[in-house]
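Engineer: Sharing a structure with you now.
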Amino acid sequence: MTVSVKFFASLREQMGCDGATVEIGEVATVADIWLQASGGKAMPPNILVSINQEYCGTNDPVSSGDEVAFFPPVTGG
Amino acid sequence: MKIEVSDNPLNPWEELQRYEQAQIGALNSGKVGAVATFVGTMRDFNEGDGVTGMELEHYPGMTENHLQQLAEEATDKWGLLDALIIHRVGRLLPNDPIVLVAVWSSHRKESFEACRWLMEALKSKAPFWKKEILESGDSRWVEKNTAGY
């Protein structure tokens, strides 16, 4: 399946890009998507994750066509 | 209810006046007895360093949706008559307004509590990120918000 990946803020700078398209097997979690998109890097602590713009956990399953985002703690307001 | 994320300069007082004069929703119903507003502005210092500017980034779509969800949650919890949230993104300078939260209710208790709750919820849940430009010329990402309570 194909999954769209996005990185924001300091994580985008660390990764050197704002996202990627990941091709992965039919059964995958957010953590699996991270490993593939990051080239096997360890996920930095405190990273937040979302599927289709809703917060989720790293063990949550991902479906084909999903948008998965990784970003640091939020600092708005 | 209105939610807006914008890279245009924000004048919160003009926005409030414009919103009230438009008499949207319940604002013209005679039921309003209290309006609470919060305006957050940019400081020229943080963590002991002078700050000369800021870049505010968001997650288009997710940010607006979460602000909408928070405003609806506050409306349900406190029986608000209306709510307005406007948040800046892009390049900001010291003194620039960053965020406006305004809520309308029949009594002050609900407005005070809902405005405070909305601001704290926004800061902990809405996907915005700040990058500071320091007096030294260096830049750094803000890693966490200061405690609100």
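Just remember, in the structure tokens the first chain shown is A, the second B, etc., residues are 1-based per chain, and ligands are 1-based in the order shown.
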When you get a sec, could you note down which chain A residues fall within 9 Å of chain B, using only C-alpha atoms, as an MDAnalysis selection string?
Structural biologist: chainID A and resid 8:10 52:54 71:77
Engineer: Can you pull out every residue within 9 Å of Met1 (chain B), counting only C-alpha atoms, but drop anything in the same chain fewer than 4 positions away, and send it as number ranges by chain?
Structural biologist: B: 24-25, 68, 71-72, 81-85
Engineer: Nearest residue to Leu10 (chain B) out of B:Gly50, B:Gly148, B:Gly90, B:Gly137, using only C-alpha atoms?
Structural biologist: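 Nearest candidate to Leu10 (chain B) out of B:Gly50, B:Gly148, B:Gly90, B:Gly137: B:Gly90.
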Engineer: Env of region 46-49 of chain A: 10 Å cut, atoms = only C-alpha atoms, seq-sep filter 2 positions within chain, self excluded. Answer as a list of chain:residue names.
Structural biologist: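 The contact residues come out as A:Lys6, A:Phe7, A:Leu11, A:Val30, A:Ala31, A:Trp34, A:Met43, A:Pro44, A:Ile51, A:Gln53, A:Glu54, A:Tyr55, A:Cys56, A:Gly57, A:Thr58, A:Asp60, A:Val68, A:Ala69, A:Phe70, A:Phe71, A:Pro72, A:Pro73, A:Val74, B:Pro127.
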Engineer: Any idea what the distance is between CA of Ala74 (chain B) and CA of Ser29 (chain B)?
Structural biologist: 19.8 Å
